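Structure data (compact mmCIF, C-alpha atoms and all ligand atoms) from query-v4.txt:
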# COMPACT_ATOMS: atom_id res chain seq x y z
CA MET A 19 -26.55 1.63 5.23
CA GLN A 20 -26.32 -0.90 8.06
CA LYS A 21 -22.93 -2.14 9.19
CA VAL A 22 -21.84 -5.55 10.35
CA THR A 23 -18.75 -6.52 12.35
CA LEU A 24 -17.04 -9.52 10.81
CA LYS A 25 -16.17 -12.35 13.18
CA ARG A 26 -12.64 -13.24 12.14
CA THR A 27 -11.13 -9.90 11.11
CA GLY A 28 -13.24 -7.73 13.41
CA LEU A 29 -13.69 -5.26 10.54
CA THR A 30 -16.91 -3.24 10.67
CA VAL A 31 -18.23 -3.02 7.12
CA SER A 32 -21.37 -1.96 5.27
CA ARG A 33 -23.80 -4.78 4.42
CA ILE A 34 -22.87 -4.28 0.76
CA GLY A 35 -19.40 -3.67 -0.60
CA PHE A 36 -18.45 -1.59 -3.63
CA GLY A 37 -16.79 -3.64 -6.38
CA GLY A 38 -14.20 -1.50 -8.15
CA LEU A 39 -13.89 -3.39 -11.45
CA PRO A 40 -16.39 -1.52 -13.67
CA ILE A 41 -15.06 1.98 -12.88
CA GLN A 42 -12.08 1.16 -15.07
CA ARG A 43 -14.32 1.94 -18.03
CA LEU A 44 -15.01 5.49 -16.80
CA ASP A 45 -12.92 8.61 -17.06
CA ASP A 46 -11.30 9.71 -13.77
CA GLN A 47 -13.89 12.34 -12.94
CA LYS A 48 -16.85 10.00 -13.40
CA ALA A 49 -15.11 7.16 -11.54
CA ILE A 50 -14.39 9.40 -8.53
CA ALA A 51 -17.99 10.65 -8.54
CA VAL A 52 -19.32 7.06 -8.46
CA ILE A 53 -17.06 6.10 -5.55
CA LYS A 54 -18.06 9.22 -3.60
CA ARG A 55 -21.75 8.50 -4.17
CA CYS A 56 -21.24 5.06 -2.66
CA LEU A 57 -19.37 6.47 0.33
CA ASN A 58 -22.06 9.12 0.87
CA LEU A 59 -24.71 6.40 0.89
CA GLY A 60 -22.85 4.66 3.73
CA VAL A 61 -20.90 2.04 1.76
CA ASN A 62 -17.55 1.88 3.58
CA LEU A 63 -16.23 -1.38 2.11
CA ILE A 64 -14.34 -0.69 -1.10
CA ASP A 65 -12.97 -3.55 -3.19
CA THR A 66 -10.43 -3.17 -5.95
CA ALA A 67 -7.43 -5.01 -7.39
CA ASN A 68 -3.92 -4.31 -8.47
CA GLY A 69 -4.88 -5.51 -11.93
CA TYR A 70 -7.90 -3.19 -12.36
CA THR A 71 -5.89 -0.52 -14.21
CA THR A 72 -7.15 2.91 -13.03
CA SER A 73 -9.39 1.62 -10.23
CA GLU A 74 -6.95 1.81 -7.30
CA GLY A 75 -5.75 5.28 -8.32
CA ASN A 76 -9.25 6.71 -8.55
CA ILE A 77 -10.24 5.13 -5.24
CA GLY A 78 -7.15 6.75 -3.70
CA LYS A 79 -8.30 10.14 -5.01
CA ALA A 80 -11.94 9.66 -3.94
CA ILE A 81 -11.19 8.60 -0.35
CA ALA A 82 -8.81 11.50 0.27
CA ASP A 83 -11.79 13.62 1.38
CA TYR A 84 -13.00 11.06 3.96
CA PRO A 85 -11.58 9.89 7.33
CA ARG A 86 -9.34 6.95 6.45
CA ASP A 87 -10.27 4.94 9.55
CA LYS A 88 -13.93 4.92 8.51
CA ILE A 89 -13.19 3.19 5.20
CA VAL A 90 -12.25 -0.45 4.73
CA ILE A 91 -10.16 -0.97 1.63
CA ALA A 92 -9.77 -4.41 0.11
CA SER A 93 -7.35 -4.89 -2.76
CA LYS A 94 -5.77 -7.95 -4.30
CA THR A 95 -2.95 -9.27 -6.44
CA ARG A 96 -2.78 -11.88 -9.16
CA ALA A 97 0.91 -12.42 -8.34
CA ARG A 98 1.81 -15.98 -7.51
CA ASP A 99 5.39 -15.46 -6.31
CA TYR A 100 6.86 -13.54 -3.36
CA LYS A 101 8.77 -10.92 -5.37
CA THR A 102 5.87 -9.87 -7.63
CA ALA A 103 3.39 -9.85 -4.75
CA LYS A 104 5.72 -7.58 -2.76
CA GLU A 105 5.95 -5.19 -5.73
CA HIS A 106 2.16 -5.21 -6.12
CA ILE A 107 1.59 -4.36 -2.45
CA LYS A 108 3.91 -1.37 -2.79
CA LEU A 109 2.14 -0.26 -5.96
CA SER A 110 -1.32 -0.66 -4.39
CA LEU A 111 -0.28 1.47 -1.38
CA GLU A 112 1.02 4.20 -3.69
CA ARG A 113 -2.03 4.22 -5.94
CA LEU A 114 -4.47 4.12 -3.04
CA ASN A 115 -2.45 6.89 -1.39
CA THR A 116 -2.61 5.21 1.99
CA ASP A 117 -0.24 3.89 4.69
CA TYR A 118 -2.11 0.63 5.07
CA ILE A 119 -4.63 -1.61 3.31
CA ASP A 120 -7.26 -3.19 5.51
CA LEU A 121 -7.50 -6.42 3.52
CA TYR A 122 -5.18 -7.73 0.81
CA GLU A 123 -6.20 -10.84 -1.07
CA LEU A 124 -4.65 -13.34 -3.42
CA HIS A 125 -6.77 -12.84 -6.51
CA ASN A 126 -8.56 -15.56 -8.47
CA VAL A 127 -6.83 -18.60 -7.01
CA SER A 128 -9.10 -20.98 -8.85
CA ASP A 129 -7.20 -24.24 -9.19
CA LEU A 130 -5.19 -26.39 -6.83
CA PRO A 131 -1.77 -26.09 -8.57
CA VAL A 132 -2.07 -22.29 -8.27
CA LEU A 133 -2.99 -22.64 -4.60
CA ASP A 134 0.17 -24.75 -4.14
CA GLN A 135 2.19 -22.06 -5.91
CA ILE A 136 1.06 -19.25 -3.63
CA LEU A 137 1.54 -21.39 -0.52
CA ALA A 138 5.10 -22.40 -1.48
CA LYS A 139 8.06 -21.03 0.48
CA ASP A 140 8.73 -18.35 -2.15
CA GLY A 141 5.02 -17.96 -2.97
CA ALA A 142 2.89 -14.82 -2.92
CA LEU A 143 1.33 -15.56 0.47
CA SER A 144 4.69 -15.05 2.21
CA ALA A 145 4.84 -11.46 0.86
CA LEU A 146 1.35 -10.73 2.22
CA GLN A 147 2.21 -12.22 5.61
CA GLU A 148 5.42 -10.18 5.76
CA ALA A 149 3.44 -7.00 4.96
CA GLN A 150 0.91 -7.94 7.63
CA GLN A 151 3.67 -8.26 10.21
CA ALA A 152 4.93 -4.81 9.14
CA GLY A 153 1.42 -3.41 9.65
CA ILE A 154 0.90 -2.23 6.07
CA ILE A 155 -1.68 -4.96 5.45
CA LYS A 156 -4.11 -5.56 8.28
CA HIS A 157 -5.68 -8.81 7.06
CA VAL A 158 -4.94 -11.47 4.46
CA GLY A 159 -7.60 -13.09 2.27
CA ILE A 160 -8.16 -15.04 -0.94
CA SER A 161 -10.61 -14.91 -3.83
CA SER A 162 -11.50 -17.94 -5.91
CA HIS A 163 -13.91 -19.06 -8.64
CA GLY A 164 -13.00 -22.71 -8.22
CA HIS A 165 -15.21 -24.78 -5.92
CA GLU A 166 -12.60 -27.36 -4.95
CA THR A 167 -9.92 -24.71 -4.46
CA ALA A 168 -12.19 -22.51 -2.36
CA LEU A 169 -13.06 -25.47 -0.12
CA ALA A 170 -9.38 -26.38 0.22
CA SER A 171 -8.48 -22.73 0.99
CA ALA A 172 -11.16 -22.50 3.68
CA LYS A 173 -9.57 -25.42 5.50
CA LEU A 174 -6.18 -23.72 5.69
CA ASN A 175 -5.53 -21.47 8.63
CA CYS A 176 -3.76 -18.74 6.67
CA PHE A 177 -6.69 -16.79 5.15
CA GLU A 178 -8.95 -14.59 7.23
CA THR A 179 -11.43 -13.91 4.43
CA LEU A 180 -12.62 -15.76 1.33
CA MET A 181 -14.46 -14.30 -1.66
CA TYR A 182 -16.46 -16.68 -3.86
CA PRO A 183 -19.31 -16.36 -6.42
CA PHE A 184 -22.63 -16.66 -4.65
CA ASN A 185 -26.17 -15.87 -5.80
CA PHE A 186 -29.50 -17.64 -5.67
CA ILE A 187 -29.01 -19.43 -8.99
CA GLY A 188 -25.54 -20.86 -8.35
CA HIS A 189 -26.36 -21.32 -4.69
CA GLU A 190 -25.39 -24.93 -3.95
CA PRO A 191 -21.59 -24.53 -4.25
CA GLY A 192 -21.84 -21.11 -2.58
CA HIS A 193 -23.59 -22.61 0.44
CA GLU A 194 -20.96 -25.34 0.67
CA VAL A 195 -18.10 -22.85 0.63
CA LEU A 196 -19.94 -20.62 3.11
CA ALA A 197 -20.36 -23.60 5.46
CA ALA A 198 -16.64 -24.38 5.20
CA CYS A 199 -15.85 -20.74 6.03
CA ARG A 200 -18.14 -20.85 9.06
CA ASP A 201 -16.52 -24.08 10.27
CA ASN A 202 -13.09 -22.51 10.00
CA ASN A 203 -14.00 -19.02 11.24
CA ILE A 204 -13.31 -17.26 7.94
CA ASP A 205 -15.22 -14.15 6.85
CA PHE A 206 -17.15 -14.76 3.62
CA PHE A 207 -17.65 -12.27 0.80
CA ALA A 208 -20.02 -13.00 -2.08
CA MET A 209 -19.02 -11.95 -5.58
CA LYS A 210 -21.30 -12.03 -8.64
CA PRO A 211 -24.50 -11.35 -6.64
CA LEU A 212 -26.27 -10.78 -9.96
CA GLY A 213 -24.92 -13.97 -11.50
CA GLY A 214 -22.41 -12.13 -13.71
CA GLY A 215 -25.30 -10.28 -15.41
CA ARG A 216 -27.73 -13.21 -15.74
CA LEU A 217 -30.05 -11.91 -12.98
CA ASP A 218 -31.77 -8.64 -13.73
CA ASN A 219 -33.98 -8.60 -10.62
CA SER A 220 -31.73 -6.74 -8.14
CA ASN A 221 -34.42 -6.78 -5.48
CA LEU A 222 -34.59 -10.58 -5.38
CA ALA A 223 -30.83 -11.03 -5.77
CA PHE A 224 -29.92 -8.74 -2.87
CA LYS A 225 -32.81 -9.71 -0.62
CA TYR A 226 -31.72 -13.32 -0.95
CA LEU A 227 -28.13 -12.54 0.06
CA LEU A 228 -28.88 -9.94 2.72
CA ASN A 229 -31.11 -12.41 4.48
CA ILE A 230 -27.98 -14.45 5.24
CA PRO A 231 -26.43 -12.37 8.05
CA ASP A 232 -22.81 -13.49 7.62
CA VAL A 233 -22.64 -12.97 3.86
CA VAL A 234 -21.36 -9.61 2.62
CA PRO A 235 -21.87 -9.17 -1.13
CA PHE A 236 -19.63 -7.08 -3.35
CA VAL A 237 -21.32 -5.53 -6.35
CA GLY A 238 -19.58 -3.87 -9.28
CA ILE A 239 -20.88 -0.32 -9.66
CA GLU A 240 -20.53 1.84 -12.74
CA LYS A 241 -23.31 4.41 -12.26
CA PRO A 242 -24.62 6.27 -9.18
CA SER A 243 -28.15 5.05 -10.01
CA GLU A 244 -27.02 1.41 -9.54
CA ILE A 245 -25.85 1.90 -5.95
CA GLU A 246 -28.88 4.09 -5.21
CA GLU A 247 -31.19 1.25 -6.22
CA ILE A 248 -29.25 -1.32 -4.18
CA ALA A 249 -28.99 0.96 -1.12
CA ASP A 250 -32.75 1.37 -1.27
CA ILE A 251 -33.22 -2.41 -1.28
CA GLU A 252 -30.89 -2.68 1.72
CA GLN A 253 -32.76 0.02 3.61
CA ASN A 254 -36.11 -1.71 3.09
CA MET A 255 -34.82 -5.17 3.90
CA ALA A 256 -37.33 -7.77 5.04
CA PRO A 257 -37.50 -11.56 4.91
CA LEU A 258 -38.31 -13.01 1.49
CA THR A 259 -42.06 -13.33 1.06
CA PRO A 260 -43.55 -16.66 -0.06
CA ALA A 261 -44.21 -15.08 -3.47
CA GLU A 262 -40.54 -14.03 -3.75
CA GLN A 263 -39.40 -17.50 -2.74
CA ARG A 264 -41.59 -18.97 -5.48
CA GLU A 265 -40.13 -16.49 -7.97
CA ILE A 266 -36.60 -17.53 -7.00
CA GLN A 267 -37.50 -21.17 -7.49
CA GLN A 268 -39.05 -20.38 -10.86
CA LEU A 269 -35.86 -18.59 -11.98
CA ARG A 270 -33.75 -21.48 -10.73
CA ASP A 271 -35.89 -23.87 -12.76
CA GLU A 272 -35.67 -21.66 -15.85
CA ILE A 273 -31.97 -20.91 -15.91
CA GLY A 274 -30.41 -23.08 -13.23
CA ASP A 275 -29.65 -26.05 -15.47
CA ARG A 276 -27.89 -23.76 -17.94
CA PHE A 277 -26.16 -21.46 -15.50
CA CYS A 278 -22.40 -21.36 -15.97
CA ARG A 279 -20.65 -20.71 -12.64
CA ARG A 280 -17.43 -19.78 -14.48
CA CYS A 281 -15.49 -22.26 -12.40
CA ARG A 282 -13.35 -23.09 -15.48
CA TYR A 283 -13.19 -26.81 -14.73
CA CYS A 284 -14.13 -27.45 -18.36
CA LEU A 285 -10.86 -25.91 -19.56
CA PRO A 286 -8.60 -26.31 -21.40
CA CYS A 287 -10.59 -26.99 -24.55
CA PRO A 288 -8.40 -28.73 -27.19
CA GLN A 289 -9.64 -26.16 -29.74
CA GLY A 290 -8.73 -23.26 -27.46
CA ILE A 291 -12.34 -22.15 -27.03
CA ALA A 292 -12.95 -19.87 -24.05
CA ILE A 293 -16.03 -21.82 -22.91
CA PRO A 294 -17.02 -19.71 -19.85
CA LEU A 295 -16.79 -16.57 -21.98
CA ILE A 296 -18.91 -18.05 -24.78
CA ASN A 297 -21.47 -18.83 -22.07
CA ASN A 298 -21.38 -15.15 -21.15
CA LEU A 299 -21.56 -13.89 -24.73
CA VAL A 300 -25.06 -12.45 -24.50
CA THR A 301 -24.19 -10.35 -21.42
CA MET A 302 -21.06 -9.07 -23.12
CA ILE A 303 -23.06 -8.02 -26.19
CA GLN A 304 -25.26 -5.95 -23.88
CA HIS A 305 -22.36 -4.22 -22.13
CA ASP A 306 -19.42 -3.91 -24.50
CA SER A 307 -18.87 -1.69 -27.52
CA ALA A 308 -20.30 -2.66 -30.92
CA GLU A 309 -16.78 -2.58 -32.40
CA ASP A 310 -15.58 -5.04 -29.80
CA CYS A 311 -18.61 -7.30 -30.26
CA PHE A 312 -19.14 -7.21 -34.02
CA GLY A 313 -16.05 -5.57 -35.51
CA SER A 314 -12.46 -6.67 -35.03
CA GLY A 315 -12.55 -6.70 -31.22
CA MET A 316 -11.82 -9.43 -28.73
CA ILE A 317 -15.44 -10.58 -28.38
CA ALA A 318 -15.89 -10.96 -32.13
CA LYS A 319 -12.70 -13.03 -32.31
CA MET A 320 -13.80 -15.15 -29.38
CA ALA A 321 -17.16 -15.86 -31.02
CA GLU A 322 -15.41 -16.93 -34.25
CA LYS A 323 -13.17 -19.27 -32.26
CA GLY A 324 -16.29 -20.77 -30.67
CA ARG A 325 -17.33 -22.04 -34.11
CA GLU A 326 -14.30 -24.38 -34.15
CA CYS A 327 -15.93 -26.74 -31.64
CA THR A 328 -15.51 -30.35 -32.80
CA GLU A 329 -18.11 -31.60 -30.29
CA CYS A 330 -15.48 -33.85 -28.74
CA GLY A 331 -17.37 -33.68 -25.42
CA GLU A 332 -14.28 -33.32 -23.20
CA CYS A 333 -15.69 -30.18 -21.60
CA GLU A 334 -19.02 -31.79 -20.71
CA GLN A 335 -17.23 -34.61 -18.94
CA LYS A 336 -15.30 -32.10 -16.82
CA CYS A 337 -18.16 -29.71 -15.96
CA PRO A 338 -19.21 -30.41 -12.35
CA TYR A 339 -22.69 -29.02 -13.05
CA ASP A 340 -23.36 -31.34 -16.01
CA LEU A 341 -24.10 -28.41 -18.29
CA PRO A 342 -24.92 -29.25 -21.92
CA ILE A 343 -21.97 -27.11 -23.06
CA ILE A 344 -22.01 -28.15 -26.73
CA GLN A 345 -25.66 -27.14 -27.14
CA MET A 346 -25.13 -23.99 -25.02
CA ASN A 347 -22.25 -22.94 -27.30
CA LYS A 348 -24.50 -23.38 -30.34
CA ASP A 349 -27.37 -21.45 -28.75
CA ASN A 350 -25.12 -18.61 -27.60
CA LEU A 351 -23.53 -18.32 -31.04
CA ALA A 352 -26.98 -18.27 -32.66
CA LEU A 353 -27.98 -15.38 -30.36
CA TYR A 354 -24.73 -13.66 -31.23
CA ASP A 355 -25.42 -14.06 -34.97
CA LYS A 356 -28.92 -12.62 -34.54
CA ALA A 357 -27.60 -9.59 -32.63
CA LYS A 358 -24.87 -9.08 -35.25
CA ALA A 359 -27.38 -9.27 -38.13
CA GLU A 360 -29.54 -6.66 -36.40
CA TYR A 361 -26.52 -4.46 -35.81
CA ASP A 362 -25.36 -4.82 -39.45
CA SER A 363 -28.81 -3.92 -40.77
CA GLY A 364 -28.89 -0.83 -38.53
CA LEU A 365 -31.78 -2.00 -36.33
S1 LIG B 401 -19.26 -24.70 -18.36
FE1 LIG B 401 -19.31 -25.83 -16.40
S2 LIG B 401 -17.14 -26.23 -15.95
FE2 LIG B 401 -17.18 -24.67 -17.52
S3 LIG B 401 -17.03 -22.77 -16.38
FE3 LIG B 401 -19.21 -23.17 -16.71
S4 LIG B 401 -19.91 -24.26 -14.91
FE4 LIG B 401 -17.68 -24.34 -14.90
S1 LIG B 402 -16.86 -30.09 -27.14
FE1 LIG B 402 -16.18 -28.25 -28.20
S2 LIG B 402 -15.98 -26.74 -26.58
FE2 LIG B 402 -16.05 -28.74 -25.57
S3 LIG B 402 -13.89 -29.34 -25.32
FE3 LIG B 402 -14.63 -30.21 -27.26
S4 LIG B 402 -14.06 -28.70 -28.82
FE4 LIG B 402 -13.96 -27.65 -26.82
Just give me the structure of the file as structure tokens.
Ligand code: SF4
Ligand code: SF4
Amino acid sequence: MQKVTLKRTGLTVSRIGFGGLPIQRLDDQKAIAVIKRCLNLGVNLIDTANGYTTSEGNIGKAIADYPRDKIVIASKTRARDYKTAKEHIKLSLERLNTDYIDLYELHNVSDLPVLDQILAKDGALSALQEAQQAGIIKHVGISSHGHETALASAKLNCFETLMYPFNFIGHEPGHEVLAACRDNNIDFFAMKPLGGGRLDNSNLAFKYLLNIPDVVPFVGIEKPSEIEEIADIEQNMAPLTPAEQREIQQLRDEIGDRFCRRCRYCLPCPQGIAIPLINNLVTMIQHDSAEDCFGSGMIAKMAEKGRECTECGECEQKCPYDLPIIQMNKDNLALYDKAKAEYDSGL
């Protein structure tokens, strides 16, 4: 796999990074095998998080057989205060079984009050900067799902990298954040290259992103076959053909006006409905266990809660993409009911 040297951090990384969230669902042996398959295919950028349960530990075990200086590890913390962030850094180092972490990020800083919290004198950023001075963190970054917060973060001089959702459907805010990163010399990582499961054409999704030279996408990998397919796309990279560009436009037209970017601006809902998750209900049905979806699990409970919508319209006023959330909730719940009926009847 080709490598690229990032402008701000100077890190030399593979054109595609491994996202370490889905390996939490695997047993240790399978998780380690997936990570090693990625490394053997030339992926040297490994992303994880302190909150991804077994992910850091299994990455630590998998990389033990490889030269440490050839791997770029990115981990992150959801801590907002100095003390917790310091504890998380220590824990990440232990689990990853390493003396240093190449990039440590503040995880999911998606609204402005949280950004203020981490920037405060006793905020989490000060723990990362202290660790950077001690040499145990080489670079400091941030990840965000919030458009406004990502733009504000890019303008600060304290983050060397920024990770933000970016794919060809939700491309307008992604391009804006990318431009802000370029203006401020910040390295940009794309998360959700497949639109959180909405895009099933990997070829189009990765060709689109890889044709932007300063965008490095992270993709969550659960099976060796997934990274094999993506590595193949990367190896045969070429500019998008006119037919592919038309296909992208067609997909944008089909799903763009109903594509939830999970920015969470619509929250809180007075009824406590997890709106971005209801919008993602169909994907969850495809990936999570039947018990979780249709039994007594979290997804089943969330779907039931979704039925308490009073159609007050507060969420639609707050959504920056003008999504018809009330109708989308209804449609998603109807699809859920259909899938449940099929499951109950043994289809
Ligand atoms: S419904 Fe709109 S505001 Fe809510 S998460 Fe999705 S895109 Fe953001
Ligand atoms: S319209 Fe429904 S989902 Fe939206 S804020 Fe009101 S109760 Fe919540």
Atomic distance atom CA of A:Tyr100 - atom CA of A:Ala145, expressed in Å with one decimal: 5.1 Å
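Residues with at least one atom no more than 12 Å from (-6.1, -25.3, -27.6), using only C-alpha atoms, are Leu285, Pro286, Cys287, Pro288, Gln289, Gly290, Ile291, Ala292, Ile293, Lys323, Gly324, Glu326, Cys327 and Thr328 of chain A.
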Closest atom pairs, stretch 291-336 of chain A residues within 12 Å of stretch 354-362 of chain A, only C-alpha atoms, as a Markdown table:
| residue | atom | partner | partner_atom | distance |
| --- | --- | --- | --- | --- |
| A:Ile296 | CA | A:Tyr354 | CA | 9.7 |
| A:Asn297 | CA | A:Tyr354 | CA | 11.0 |
| A:Asn298 | CA | A:Tyr354 | CA | 10.7 |
| A:Leu299 | CA | A:Tyr354 | CA | 7.2 |
| A:Val300 | CA | A:Tyr354 | CA | 6.8 |
| A:Thr301 | CA | A:Tyr354 | CA | 10.4 |
| A:Met302 | CA | A:Tyr354 | CA | 10.0 |
| A:Ile303 | CA | A:Tyr354 | CA | 7.7 |
| A:Gln304 | CA | A:Ala357 | CA | 9.8 |
| A:Ser307 | CA | A:Tyr361 | CA | 11.6 |
| A:Ala308 | CA | A:Tyr361 | CA | 8.1 |
| A:Glu309 | CA | A:Tyr361 | CA | 10.5 |
| A:Asp310 | CA | A:Lys358 | CA | 11.5 |
| A:Cys311 | CA | A:Lys358 | CA | 8.2 |
| A:Phe312 | CA | A:Lys358 | CA | 6.2 |
| A:Gly313 | CA | A:Lys358 | CA | 9.5 |
| A:Ile317 | CA | A:Tyr354 | CA | 10.2 |
| A:Ala318 | CA | A:Tyr354 | CA | 9.3 |
| A:Met320 | CA | A:Tyr354 | CA | 11.2 |
| A:Ala321 | CA | A:Tyr354 | CA | 7.9 |
| A:Glu322 | CA | A:Tyr354 | CA | 10.3 |
| A:Gly324 | CA | A:Tyr354 | CA | 11.0 |
| A:Arg325 | CA | A:Asp355 | CA | 11.4 |
Kindly assemble as a tab-separated table a list of the stretch 228-346 of chain A residues that lie within 9 Å of stretch 164-180 of chain A, each paired with its nearest atom pair and their distance in Å to one decimal, using all atoms listed in the file, sorted first by chain and then by ascending residue number.
residue	atom	partner	partner_atom	distance
A:Arg280	CA	A:Gly164	CA	8.2
A:Cys281	CA	A:Gly164	CA	4.9
A:Arg282	CA	A:Gly164	CA	7.3
A:Tyr283	CA	A:Gly164	CA	7.7
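Reported to one decimal place, the separation of atom CA of A:Lys104 from atom CA of A:Asp117 is 14.9 Å.
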Around the point (-0.9, -3.8, -4.4), in the coordinates given by the file, pick out the residues reaching within 9 Å, counting all atoms listed in the file, and return them as a PyMOL selection string. chain A and resi 67-69+74+93-95+103-114+119+122
So how many Å separate atom CA of A:Ile89 and atom CA of A:Ile64, to one decimal? 7.5 Å
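Between ligand LIG 402 (chain B) and the candidates A:Leu341, A:Leu353, A:Ile81, A:Cys284, the tightest atom-to-atom separation, counting only C-alpha atoms and all ligand atoms, involves A:Cys284.
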Let me make sure I understand: among A:Ser162, A:Asn229, A:Pro191, A:Phe277, which one has the smallest atom-to-atom distance to A:Gly213 if we use all atoms listed in the file? A:Phe277
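Each of A:Leu295, A:Ile239, A:Ala352, A:Ile155 was compared to ligand LIG 401 (chain B) using only C-alpha atoms and all ligand atoms, and A:Leu295 turns out to be the nearest.
With all atoms listed in the file as the atoms that count, the minimum distance from A:Met19 to the choices A:Val195, A:Ile53, A:Met255, A:Ile41 is reached by A:Met255.
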As JSON: centre and edge lengths in Å, one decimal, of the axis-aligned box holding ligand LIG 402 (chain B) with 3 Å per side:
{"center_x": -15.4, "center_y": -28.5, "center_z": -27.1, "size_x": 9.0, "size_y": 9.5, "size_z": 9.5}
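Nearest-residue note for A:Asn347: choosing from A:Val237, A:Cys333, A:Ile187, A:Ala249, the minimum distance belongs to A:Cys333, counting all atoms listed in the file.
Among the candidate residues A:Thr30, A:Asn221, A:Thr102, A:Ser128, the one lying nearest to ligand LIG 401 (chain B) is A:Ser128, with distances computed using all atoms listed in the file.
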Excluding A:Glu265 and its own-chain neighbours fewer than 5 positions away, which residues fall within 9 Å of it when counting all atoms listed in the file? Please give them as a ChimeraX atom specification. /A:222,260,270
With a distance cut-off of 8 Å and only C-alpha atoms, select the neighbouring residues of A:Ile91, excluding the residue or stretch itself and same-chain residues fewer than 6 positions from it, and output the selection as a ChimeraX atom specification. /A:63-66,119-121
All heavy atoms are needed for stretch 288-293 of chain A; please write them out as a PDB file, in the frame of the given file.
ATOM      1  N   PRO A 288      -9.461 -28.446 -26.191  1.00  0.00           N
ATOM      2  CA  PRO A 288      -8.400 -28.730 -27.190  1.00  0.00           C
ATOM      3  C   PRO A 288      -8.414 -27.753 -28.362  1.00  0.00           C
ATOM      4  O   PRO A 288      -7.387 -27.560 -29.014  1.00  0.00           O
ATOM      5  CB  PRO A 288      -8.701 -30.161 -27.639  1.00  0.00           C
ATOM      6  CG  PRO A 288      -9.923 -30.606 -26.948  1.00  0.00           C
ATOM      7  CD  PRO A 288     -10.336 -29.583 -25.953  1.00  0.00           C
ATOM      8  N   GLN A 289      -9.562 -27.131 -28.631  1.00  0.00           N
ATOM      9  CA  GLN A 289      -9.640 -26.160 -29.740  1.00  0.00           C
ATOM     10  C   GLN A 289      -9.335 -24.735 -29.262  1.00  0.00           C
ATOM     11  O   GLN A 289      -9.405 -23.788 -30.034  1.00  0.00           O
ATOM     12  CB  GLN A 289     -11.051 -26.166 -30.359  1.00  0.00           C
ATOM     13  CG  GLN A 289     -11.458 -27.485 -30.974  1.00  0.00           C
ATOM     14  CD  GLN A 289     -10.507 -27.902 -32.068  1.00  0.00           C
ATOM     15  OE1 GLN A 289      -9.769 -28.877 -31.907  1.00  0.00           O
ATOM     16  NE2 GLN A 289     -10.484 -27.180 -33.167  1.00  0.00           N
ATOM     17  N   GLY A 290      -9.051 -24.592 -27.998  1.00  0.00           N
ATOM     18  CA  GLY A 290      -8.730 -23.260 -27.460  1.00  0.00           C
ATOM     19  C   GLY A 290      -9.942 -22.353 -27.313  1.00  0.00           C
ATOM     20  O   GLY A 290      -9.819 -21.124 -27.300  1.00  0.00           O
ATOM     21  N   ILE A 291     -11.119 -22.959 -27.174  1.00  0.00           N
ATOM     22  CA  ILE A 291     -12.340 -22.150 -27.030  1.00  0.00           C
ATOM     23  C   ILE A 291     -12.486 -21.702 -25.579  1.00  0.00           C
ATOM     24  O   ILE A 291     -12.352 -22.512 -24.651  1.00  0.00           O
ATOM     25  CB  ILE A 291     -13.574 -22.969 -27.494  1.00  0.00           C
ATOM     26  CG1 ILE A 291     -13.436 -23.303 -28.977  1.00  0.00           C
ATOM     27  CG2 ILE A 291     -14.879 -22.207 -27.228  1.00  0.00           C
ATOM     28  CD1 ILE A 291     -14.433 -24.323 -29.486  1.00  0.00           C
ATOM     29  N   ALA A 292     -12.775 -20.419 -25.409  1.00  0.00           N
ATOM     30  CA  ALA A 292     -12.950 -19.870 -24.050  1.00  0.00           C
ATOM     31  C   ALA A 292     -14.388 -20.146 -23.605  1.00  0.00           C
ATOM     32  O   ALA A 292     -15.259 -19.276 -23.656  1.00  0.00           O
ATOM     33  CB  ALA A 292     -12.658 -18.378 -24.067  1.00  0.00           C
ATOM     34  N   ILE A 293     -14.650 -21.366 -23.167  1.00  0.00           N
ATOM     35  CA  ILE A 293     -16.030 -21.820 -22.910  1.00  0.00           C
ATOM     36  C   ILE A 293     -16.797 -20.913 -21.945  1.00  0.00           C
ATOM     37  O   ILE A 293     -17.911 -20.487 -22.259  1.00  0.00           O
ATOM     38  CB  ILE A 293     -16.031 -23.294 -22.434  1.00  0.00           C
ATOM     39  CG1 ILE A 293     -15.436 -24.188 -23.523  1.00  0.00           C
ATOM     40  CG2 ILE A 293     -17.446 -23.761 -22.085  1.00  0.00           C
ATOM     41  CD1 ILE A 293     -15.039 -25.569 -23.049  1.00  0.00           C
TER      42      ILE A 293
END
